[in-house]
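File shown: final-v2.cif (mmCIF, N, CA and C atoms).
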data_my_file
#
loop_
_atom_site.label_atom_id
_atom_site.label_comp_id
_atom_site.auth_asym_id
_atom_site.auth_seq_id
_atom_site.Cartn_x
_atom_site.Cartn_y
_atom_site.Cartn_z
N MET A 1 -167.53 51.31 39.37
CA MET A 1 -168.69 50.49 39.09
C MET A 1 -169.71 50.68 40.21
N GLY A 2 -170.95 50.76 39.82
CA GLY A 2 -172.01 50.92 40.80
C GLY A 2 -172.53 49.58 41.30
N TRP A 3 -173.42 49.68 42.25
CA TRP A 3 -174.00 48.48 42.84
C TRP A 3 -174.71 47.64 41.79
N TRP A 4 -175.47 48.30 40.93
CA TRP A 4 -176.25 47.59 39.90
C TRP A 4 -175.34 46.81 38.98
N ALA A 5 -174.22 47.40 38.58
CA ALA A 5 -173.29 46.71 37.69
C ALA A 5 -172.63 45.52 38.38
N ASN A 6 -172.44 45.60 39.68
CA ASN A 6 -171.84 44.50 40.43
C ASN A 6 -172.79 43.31 40.58
N GLN A 7 -174.05 43.50 40.29
CA GLN A 7 -175.04 42.43 40.41
C GLN A 7 -175.23 41.68 39.09
N HIS A 8 -174.25 41.78 38.20
CA HIS A 8 -174.34 41.15 36.89
C HIS A 8 -174.70 39.67 37.03
N GLY A 9 -175.70 39.23 36.31
CA GLY A 9 -176.17 37.86 36.38
C GLY A 9 -177.37 37.72 37.31
N LYS A 10 -177.58 38.68 38.19
CA LYS A 10 -178.71 38.65 39.12
C LYS A 10 -179.69 39.77 38.82
N GLN A 11 -179.41 40.57 37.83
CA GLN A 11 -180.18 41.77 37.56
C GLN A 11 -181.64 41.48 37.20
N LEU A 12 -181.89 40.45 36.41
CA LEU A 12 -183.27 40.12 36.02
C LEU A 12 -184.09 39.75 37.25
N ARG A 13 -183.53 38.92 38.12
CA ARG A 13 -184.25 38.50 39.32
C ARG A 13 -184.51 39.68 40.26
N ILE A 14 -183.53 40.55 40.42
CA ILE A 14 -183.69 41.72 41.29
C ILE A 14 -184.74 42.66 40.72
N ALA A 15 -184.66 42.94 39.42
CA ALA A 15 -185.63 43.85 38.79
C ALA A 15 -187.04 43.28 38.87
N ALA A 16 -187.18 41.98 38.68
CA ALA A 16 -188.51 41.36 38.77
C ALA A 16 -189.06 41.45 40.19
N THR A 17 -188.23 41.19 41.17
CA THR A 17 -188.67 41.24 42.56
C THR A 17 -189.10 42.64 42.95
N VAL A 18 -188.29 43.64 42.62
CA VAL A 18 -188.62 45.02 42.98
C VAL A 18 -189.87 45.49 42.21
N THR A 19 -189.98 45.12 40.96
CA THR A 19 -191.15 45.52 40.17
C THR A 19 -192.44 44.95 40.75
N PHE A 20 -192.44 43.67 41.04
CA PHE A 20 -193.67 43.06 41.55
C PHE A 20 -193.97 43.49 42.99
N ALA A 21 -192.93 43.76 43.78
CA ALA A 21 -193.17 44.30 45.13
C ALA A 21 -193.77 45.70 45.04
N SER A 22 -193.29 46.49 44.09
CA SER A 22 -193.83 47.84 43.90
C SER A 22 -195.27 47.79 43.41
N ILE A 23 -195.57 46.85 42.53
CA ILE A 23 -196.95 46.68 42.06
C ILE A 23 -197.86 46.31 43.23
N LEU A 24 -197.40 45.40 44.07
CA LEU A 24 -198.20 44.98 45.23
C LEU A 24 -198.40 46.15 46.19
N LEU A 25 -197.36 46.89 46.48
CA LEU A 25 -197.45 48.04 47.38
C LEU A 25 -198.41 49.09 46.83
N THR A 26 -198.29 49.38 45.56
CA THR A 26 -199.16 50.37 44.93
C THR A 26 -200.61 49.88 44.91
N SER A 27 -200.83 48.62 44.63
CA SER A 27 -202.19 48.07 44.58
C SER A 27 -202.86 48.10 45.95
N LEU A 28 -202.13 47.66 46.96
CA LEU A 28 -202.71 47.64 48.30
C LEU A 28 -202.96 49.06 48.82
N SER A 29 -202.07 49.98 48.50
CA SER A 29 -202.28 51.37 48.90
C SER A 29 -203.48 51.96 48.17
N GLY A 30 -203.62 51.65 46.90
CA GLY A 30 -204.78 52.11 46.14
C GLY A 30 -206.07 51.55 46.69
N LEU A 31 -206.04 50.29 47.10
CA LEU A 31 -207.22 49.67 47.71
C LEU A 31 -207.61 50.42 48.98
N GLN A 32 -206.61 50.76 49.79
CA GLN A 32 -206.88 51.51 51.01
C GLN A 32 -207.50 52.87 50.68
N LEU A 33 -206.93 53.56 49.70
CA LEU A 33 -207.40 54.90 49.38
C LEU A 33 -208.77 54.90 48.71
N MET A 34 -209.06 53.89 47.92
CA MET A 34 -210.33 53.88 47.19
C MET A 34 -211.48 53.26 47.98
N ILE A 35 -211.20 52.24 48.76
CA ILE A 35 -212.29 51.50 49.38
C ILE A 35 -212.24 51.51 50.91
N LEU A 36 -211.10 51.16 51.46
CA LEU A 36 -211.03 50.88 52.89
C LEU A 36 -211.05 52.11 53.79
N GLN A 37 -210.70 53.28 53.28
CA GLN A 37 -210.65 54.46 54.15
C GLN A 37 -212.03 54.86 54.69
N ASP A 38 -213.08 54.41 54.04
CA ASP A 38 -214.44 54.72 54.50
C ASP A 38 -214.97 53.72 55.52
N ILE A 39 -214.23 52.64 55.73
CA ILE A 39 -214.65 51.61 56.68
C ILE A 39 -214.03 51.92 58.04
N SER A 40 -214.83 51.80 59.10
CA SER A 40 -214.34 52.13 60.43
C SER A 40 -213.20 51.18 60.81
N GLY A 41 -212.17 51.74 61.39
CA GLY A 41 -210.99 50.99 61.76
C GLY A 41 -209.86 51.13 60.75
N PHE A 42 -210.16 51.51 59.54
CA PHE A 42 -209.14 51.66 58.50
C PHE A 42 -208.82 53.12 58.18
N GLU A 43 -209.59 54.05 58.73
CA GLU A 43 -209.38 55.46 58.38
C GLU A 43 -208.03 55.99 58.88
N ASP A 44 -207.44 55.35 59.88
CA ASP A 44 -206.14 55.80 60.40
C ASP A 44 -204.98 55.46 59.46
N PHE A 45 -205.21 54.58 58.51
CA PHE A 45 -204.14 54.14 57.61
C PHE A 45 -204.07 54.95 56.32
N THR A 46 -204.89 55.96 56.16
CA THR A 46 -204.94 56.72 54.92
C THR A 46 -203.62 57.45 54.66
N SER A 47 -203.06 58.11 55.67
CA SER A 47 -201.81 58.84 55.46
C SER A 47 -200.66 57.88 55.15
N LEU A 48 -200.65 56.72 55.79
CA LEU A 48 -199.63 55.71 55.49
C LEU A 48 -199.80 55.19 54.06
N ALA A 49 -201.04 55.04 53.62
CA ALA A 49 -201.30 54.56 52.27
C ALA A 49 -200.83 55.56 51.22
N ILE A 50 -200.97 56.85 51.52
CA ILE A 50 -200.50 57.88 50.58
C ILE A 50 -198.98 57.81 50.43
N VAL A 51 -198.27 57.67 51.55
CA VAL A 51 -196.81 57.54 51.50
C VAL A 51 -196.42 56.25 50.76
N ALA A 52 -197.11 55.17 51.06
CA ALA A 52 -196.79 53.88 50.43
C ALA A 52 -197.04 53.90 48.93
N ILE A 53 -198.10 54.57 48.49
CA ILE A 53 -198.37 54.61 47.05
C ILE A 53 -197.32 55.45 46.32
N VAL A 54 -196.83 56.50 46.96
CA VAL A 54 -195.75 57.30 46.36
C VAL A 54 -194.47 56.46 46.25
N ILE A 55 -194.15 55.72 47.31
CA ILE A 55 -192.97 54.85 47.28
C ILE A 55 -193.14 53.77 46.21
N GLY A 56 -194.32 53.19 46.11
CA GLY A 56 -194.59 52.17 45.09
C GLY A 56 -194.45 52.70 43.68
N ILE A 57 -194.95 53.90 43.44
CA ILE A 57 -194.85 54.49 42.10
C ILE A 57 -193.40 54.82 41.76
N ILE A 58 -192.65 55.32 42.72
CA ILE A 58 -191.23 55.58 42.49
C ILE A 58 -190.50 54.27 42.19
N GLY A 59 -190.80 53.23 42.97
CA GLY A 59 -190.18 51.92 42.72
C GLY A 59 -190.51 51.38 41.34
N LEU A 60 -191.75 51.55 40.94
CA LEU A 60 -192.15 51.11 39.60
C LEU A 60 -191.45 51.90 38.50
N SER A 61 -191.34 53.19 38.70
CA SER A 61 -190.71 54.02 37.65
C SER A 61 -189.23 53.70 37.49
N ILE A 62 -188.61 53.18 38.52
CA ILE A 62 -187.19 52.82 38.44
C ILE A 62 -187.01 51.39 37.95
N SER A 63 -187.78 50.46 38.52
CA SER A 63 -187.52 49.04 38.26
C SER A 63 -188.25 48.47 37.04
N ALA A 64 -189.41 48.98 36.72
CA ALA A 64 -190.19 48.41 35.62
C ALA A 64 -189.48 48.51 34.25
N PRO A 65 -188.88 49.66 33.90
CA PRO A 65 -188.17 49.69 32.61
C PRO A 65 -187.00 48.72 32.55
N ALA A 66 -186.25 48.60 33.65
CA ALA A 66 -185.14 47.66 33.67
C ALA A 66 -185.64 46.23 33.54
N PHE A 67 -186.72 45.91 34.25
CA PHE A 67 -187.28 44.57 34.17
C PHE A 67 -187.78 44.28 32.75
N ALA A 68 -188.47 45.22 32.15
CA ALA A 68 -189.00 45.01 30.79
C ALA A 68 -187.86 44.78 29.79
N ASN A 69 -186.80 45.55 29.92
CA ASN A 69 -185.64 45.42 29.03
C ASN A 69 -184.97 44.06 29.21
N LEU A 70 -184.69 43.68 30.44
CA LEU A 70 -184.02 42.42 30.70
C LEU A 70 -184.90 41.22 30.34
N LYS A 71 -186.18 41.31 30.60
CA LYS A 71 -187.10 40.22 30.26
C LYS A 71 -187.19 40.06 28.74
N ALA A 72 -187.20 41.17 28.02
CA ALA A 72 -187.23 41.10 26.55
C ALA A 72 -185.96 40.42 26.02
N ARG A 73 -184.84 40.72 26.64
CA ARG A 73 -183.59 40.07 26.22
C ARG A 73 -183.61 38.57 26.53
N ALA A 74 -184.16 38.20 27.67
CA ALA A 74 -184.27 36.78 28.01
C ALA A 74 -185.20 36.07 27.03
N ASN A 75 -186.29 36.72 26.66
CA ASN A 75 -187.21 36.13 25.68
C ASN A 75 -186.57 36.01 24.30
N THR A 76 -185.78 37.01 23.91
CA THR A 76 -185.06 36.96 22.64
C THR A 76 -184.10 35.78 22.62
N LEU A 77 -183.37 35.62 23.72
CA LEU A 77 -182.42 34.51 23.82
C LEU A 77 -183.15 33.16 23.73
N ALA A 78 -184.28 33.04 24.40
CA ALA A 78 -185.05 31.80 24.36
C ALA A 78 -185.59 31.54 22.94
N ASP A 79 -186.03 32.59 22.27
CA ASP A 79 -186.53 32.43 20.89
C ASP A 79 -185.42 31.98 19.95
N ILE A 80 -184.24 32.54 20.11
CA ILE A 80 -183.11 32.15 19.26
C ILE A 80 -182.75 30.69 19.52
N MET A 81 -182.78 30.29 20.79
CA MET A 81 -182.42 28.91 21.12
C MET A 81 -183.47 27.90 20.63
N ASN A 82 -184.67 28.36 20.32
CA ASN A 82 -185.71 27.49 19.79
C ASN A 82 -185.68 27.36 18.28
N MET A 83 -184.81 28.11 17.62
CA MET A 83 -184.71 28.02 16.16
C MET A 83 -184.13 26.67 15.76
N SER A 84 -184.63 26.14 14.67
CA SER A 84 -184.13 24.84 14.21
C SER A 84 -183.21 24.97 13.00
N SER A 85 -183.32 26.05 12.27
CA SER A 85 -182.51 26.25 11.07
C SER A 85 -181.11 26.75 11.43
N SER A 86 -180.11 26.09 10.91
CA SER A 86 -178.73 26.49 11.19
C SER A 86 -178.41 27.86 10.61
N SER A 87 -178.97 28.17 9.46
CA SER A 87 -178.70 29.47 8.85
C SER A 87 -179.33 30.60 9.67
N GLU A 88 -180.54 30.37 10.18
CA GLU A 88 -181.17 31.38 11.04
C GLU A 88 -180.39 31.56 12.33
N LEU A 89 -179.89 30.46 12.87
CA LEU A 89 -179.08 30.53 14.08
C LEU A 89 -177.81 31.34 13.85
N ALA A 90 -177.17 31.11 12.73
CA ALA A 90 -175.95 31.83 12.42
C ALA A 90 -176.22 33.33 12.28
N LYS A 91 -177.36 33.68 11.66
CA LYS A 91 -177.72 35.09 11.50
C LYS A 91 -178.05 35.75 12.84
N SER A 92 -178.64 34.99 13.74
CA SER A 92 -179.09 35.55 15.02
C SER A 92 -178.05 35.41 16.13
N ARG A 93 -176.91 34.84 15.83
CA ARG A 93 -175.92 34.59 16.87
C ARG A 93 -175.43 35.87 17.53
N ALA A 94 -175.25 36.92 16.77
CA ALA A 94 -174.76 38.19 17.36
C ALA A 94 -175.77 38.73 18.38
N ASP A 95 -177.06 38.65 18.05
CA ASP A 95 -178.09 39.08 19.00
C ASP A 95 -178.07 38.21 20.24
N GLY A 96 -177.92 36.92 20.06
CA GLY A 96 -177.86 36.00 21.19
C GLY A 96 -176.65 36.24 22.07
N ASP A 97 -175.51 36.51 21.43
CA ASP A 97 -174.30 36.81 22.19
C ASP A 97 -174.48 38.06 23.04
N GLU A 98 -175.10 39.09 22.44
CA GLU A 98 -175.32 40.33 23.18
C GLU A 98 -176.29 40.13 24.34
N CYS A 99 -177.38 39.43 24.08
CA CYS A 99 -178.36 39.18 25.15
C CYS A 99 -177.74 38.38 26.29
N ALA A 100 -177.00 37.33 25.95
CA ALA A 100 -176.36 36.50 26.97
C ALA A 100 -175.32 37.29 27.76
N ARG A 101 -174.57 38.16 27.08
CA ARG A 101 -173.57 38.97 27.76
C ARG A 101 -174.23 39.94 28.73
N ILE A 102 -175.32 40.56 28.32
CA ILE A 102 -176.01 41.52 29.18
C ILE A 102 -176.67 40.82 30.36
N LEU A 103 -177.30 39.67 30.12
CA LEU A 103 -177.99 38.95 31.19
C LEU A 103 -177.00 38.28 32.14
N GLY A 104 -175.91 37.76 31.58
CA GLY A 104 -174.89 37.13 32.41
C GLY A 104 -175.38 35.90 33.13
N GLY A 105 -174.59 35.45 34.10
CA GLY A 105 -174.96 34.34 34.96
C GLY A 105 -175.33 33.08 34.21
N GLY A 106 -176.43 32.48 34.59
CA GLY A 106 -176.90 31.23 34.00
C GLY A 106 -177.26 31.36 32.53
N HIS A 107 -177.70 32.54 32.12
CA HIS A 107 -178.04 32.75 30.71
C HIS A 107 -176.80 32.62 29.84
N GLN A 108 -175.69 33.18 30.31
CA GLN A 108 -174.44 33.12 29.55
C GLN A 108 -173.97 31.66 29.44
N GLU A 109 -174.03 30.93 30.54
CA GLU A 109 -173.60 29.53 30.53
C GLU A 109 -174.49 28.69 29.61
N THR A 110 -175.79 28.89 29.70
CA THR A 110 -176.73 28.15 28.86
C THR A 110 -176.50 28.45 27.38
N TRP A 111 -176.26 29.71 27.07
CA TRP A 111 -176.02 30.11 25.68
C TRP A 111 -174.74 29.46 25.15
N ASN A 112 -173.68 29.49 25.95
CA ASN A 112 -172.43 28.88 25.51
C ASN A 112 -172.58 27.38 25.31
N GLU A 113 -173.31 26.69 26.19
CA GLU A 113 -173.56 25.27 26.02
C GLU A 113 -174.38 25.01 24.77
N PHE A 114 -175.36 25.87 24.51
CA PHE A 114 -176.20 25.73 23.31
C PHE A 114 -175.36 25.87 22.05
N LEU A 115 -174.49 26.87 22.02
CA LEU A 115 -173.64 27.08 20.84
C LEU A 115 -172.69 25.91 20.63
N THR A 116 -172.15 25.38 21.71
CA THR A 116 -171.26 24.23 21.61
C THR A 116 -172.01 23.01 21.09
N GLU A 117 -173.21 22.81 21.60
CA GLU A 117 -174.04 21.68 21.18
C GLU A 117 -174.39 21.77 19.69
N LYS A 118 -174.65 22.97 19.20
CA LYS A 118 -175.02 23.16 17.80
C LYS A 118 -173.80 23.22 16.89
N GLY A 119 -172.60 23.20 17.46
CA GLY A 119 -171.39 23.23 16.66
C GLY A 119 -171.00 24.61 16.18
N LEU A 120 -171.54 25.64 16.80
CA LEU A 120 -171.22 27.02 16.39
C LEU A 120 -170.09 27.62 17.24
N LYS A 121 -169.64 26.86 18.24
CA LYS A 121 -168.58 27.36 19.11
C LYS A 121 -167.75 26.17 19.55
N ARG A 122 -166.44 26.41 19.60
CA ARG A 122 -165.54 25.34 20.06
C ARG A 122 -165.44 25.36 21.56
N ARG A 123 -165.12 24.22 22.12
CA ARG A 123 -164.99 24.11 23.58
C ARG A 123 -163.85 24.86 24.08
#
Please go through the file and, once you have read it, give me the structure as structure tokens.
Amino acid sequence: MGWWANQHGKQLRIAATVTFASILLTSLSGLQLMILQDISGFEDFTSLAIVAIVIGIIGLSISAPAFANLKARANTLADIMNMSSSSELAKSRADGDECARILGGGHQETWNEFLTEKGLKRR
């Protein structure tokens, strides 16, 4: 098992943190390259900004797809939990089980409590 698999239940938070940190790094580096390099005192940071923007883009290319996938699963789980019809819930239970299993942690516990509350799962 790899490091990522050992973080089960924390993956959404980690992916979100890395994605937004990469966005911030890329944005600030782009600001340096587009605007600040022409201002006196900032021209020495251009080479650092080029390295930082490459690191930011690599971080985004790795973390953004994982974040988008996990966030979509969290949204699917929330949408299923907002359903009021018992028949719709029963039809969507397999999707909810899969999303909760993949997300793990608090999502799994919340899903199990929801199913118990709705009478779709025994204690």
Kindly give the distance, in Å, that separates atom N of Ala66 (chain A) and CA of Met34 (chain A), rounded to a single decimal.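 If I compute the distance from atom N of Ala66 (chain A) to CA of Met34 (chain A), I get 28.1 Å.
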Between CA of Met81 (chain A) and CA of Asn69 (chain A), what is the distance in Å, rounded to a tenth? 18.6 Å
For atom N of Gly56 (chain A) and CA of Thr26 (chain A), the interatomic separation in Å (one decimal): 5.7 Å
Please provide as a PyMOL selection string all residues within 8 Å of Val54 (chain A), with the sequence filter that same-chain residues fewer than 6 positions apart are discarded (counting all atoms listed in the file). chain A and resi 25-26+29+48+60
For the provided coordinates, the residues matched by the PyMOL selection byres ((chain A and resi 61-64) around 8) should be stated as a list in words. Ile14, Ala15, Ala16, Val18, Thr19, Phe20, Ser22, Ile55, Gly56, Ile57, Ile58, Gly59, Leu60, Pro65, Ala66, Phe67, Ala68, Asn69 and Leu70 of chain A
Extract, using only N, CA and C atoms, all DNA, RNA and protein residues at most 8 Å from region 95-97 of chain A, discarding same-chain residues fewer than 5 positions from it, and format them as an MDAnalysis selection string. chainID A and resid 76:78 80:81 90 102:103 111
Between A:Met83, A:Ala72, A:Ala52, A:Leu120, which one has atoms that come closest to Leu24 (chain A), using only C-alpha atoms?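 Checking each of A:Met83, A:Ala72, A:Ala52, A:Leu120 against Leu24 (chain A), counting only C-alpha atoms, the winner is A:Ala52.
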For the alpha helix (DSSP H) assignment from backbone DSSP, which residues of region 15-120 of chain A qualify? Please present them as a PyMOL selection string. chain A and resi 15-34+46-81+86-103+105-118
Which residues would end up in the selection if the PyMOL selection byres ((chain A and resi 49) around 7) were applied here, given that I need the answer as a VMD selection string? chain A and resid 28 to 30 32 to 33 45 to 48 50 to 54
Using only N, CA and C atoms, can you tell me which of A:Asp44, A:Ile39, A:Leu31, A:Arg73 comes closest to Cys99 (chain A)? A:Arg73
Applied to this file, what does the PyMOL selection byres ((chain A and resi 1-8) around 7) return in terms of residues, put as a PDB file with N, CA and C atoms, in the coordinates of the input?
ATOM      1  N   GLY A   9    -175.700  39.230  36.310  1.00  0.00           N
ATOM      2  CA  GLY A   9    -176.170  37.860  36.380  1.00  0.00           C
ATOM      3  C   GLY A   9    -177.370  37.720  37.310  1.00  0.00           C
ATOM      4  N   LYS A  10    -177.580  38.680  38.190  1.00  0.00           N
ATOM      5  CA  LYS A  10    -178.710  38.650  39.120  1.00  0.00           C
ATOM      6  C   LYS A  10    -179.690  39.770  38.820  1.00  0.00           C
ATOM      7  N   GLN A  11    -179.410  40.570  37.830  1.00  0.00           N
ATOM      8  CA  GLN A  11    -180.180  41.770  37.560  1.00  0.00           C
ATOM      9  C   GLN A  11    -181.640  41.480  37.200  1.00  0.00           C
ATOM     10  N   ILE A 102    -175.320  40.560  28.320  1.00  0.00           N
ATOM     11  CA  ILE A 102    -176.010  41.520  29.180  1.00  0.00           C
ATOM     12  C   ILE A 102    -176.670  40.820  30.360  1.00  0.00           C
ATOM     13  N   LEU A 103    -177.300  39.670  30.120  1.00  0.00           N
ATOM     14  CA  LEU A 103    -177.990  38.950  31.190  1.00  0.00           C
ATOM     15  C   LEU A 103    -177.000  38.280  32.140  1.00  0.00           C
ATOM     16  N   GLY A 104    -175.910  37.760  31.580  1.00  0.00           N
ATOM     17  CA  GLY A 104    -174.890  37.130  32.410  1.00  0.00           C
ATOM     18  C   GLY A 104    -175.380  35.900  33.130  1.00  0.00           C
ATOM     19  N   GLY A 105    -174.590  35.450  34.100  1.00  0.00           N
ATOM     20  CA  GLY A 105    -174.960  34.340  34.960  1.00  0.00           C
ATOM     21  C   GLY A 105    -175.330  33.080  34.210  1.00  0.00           C
TER      22      GLY A 105
END
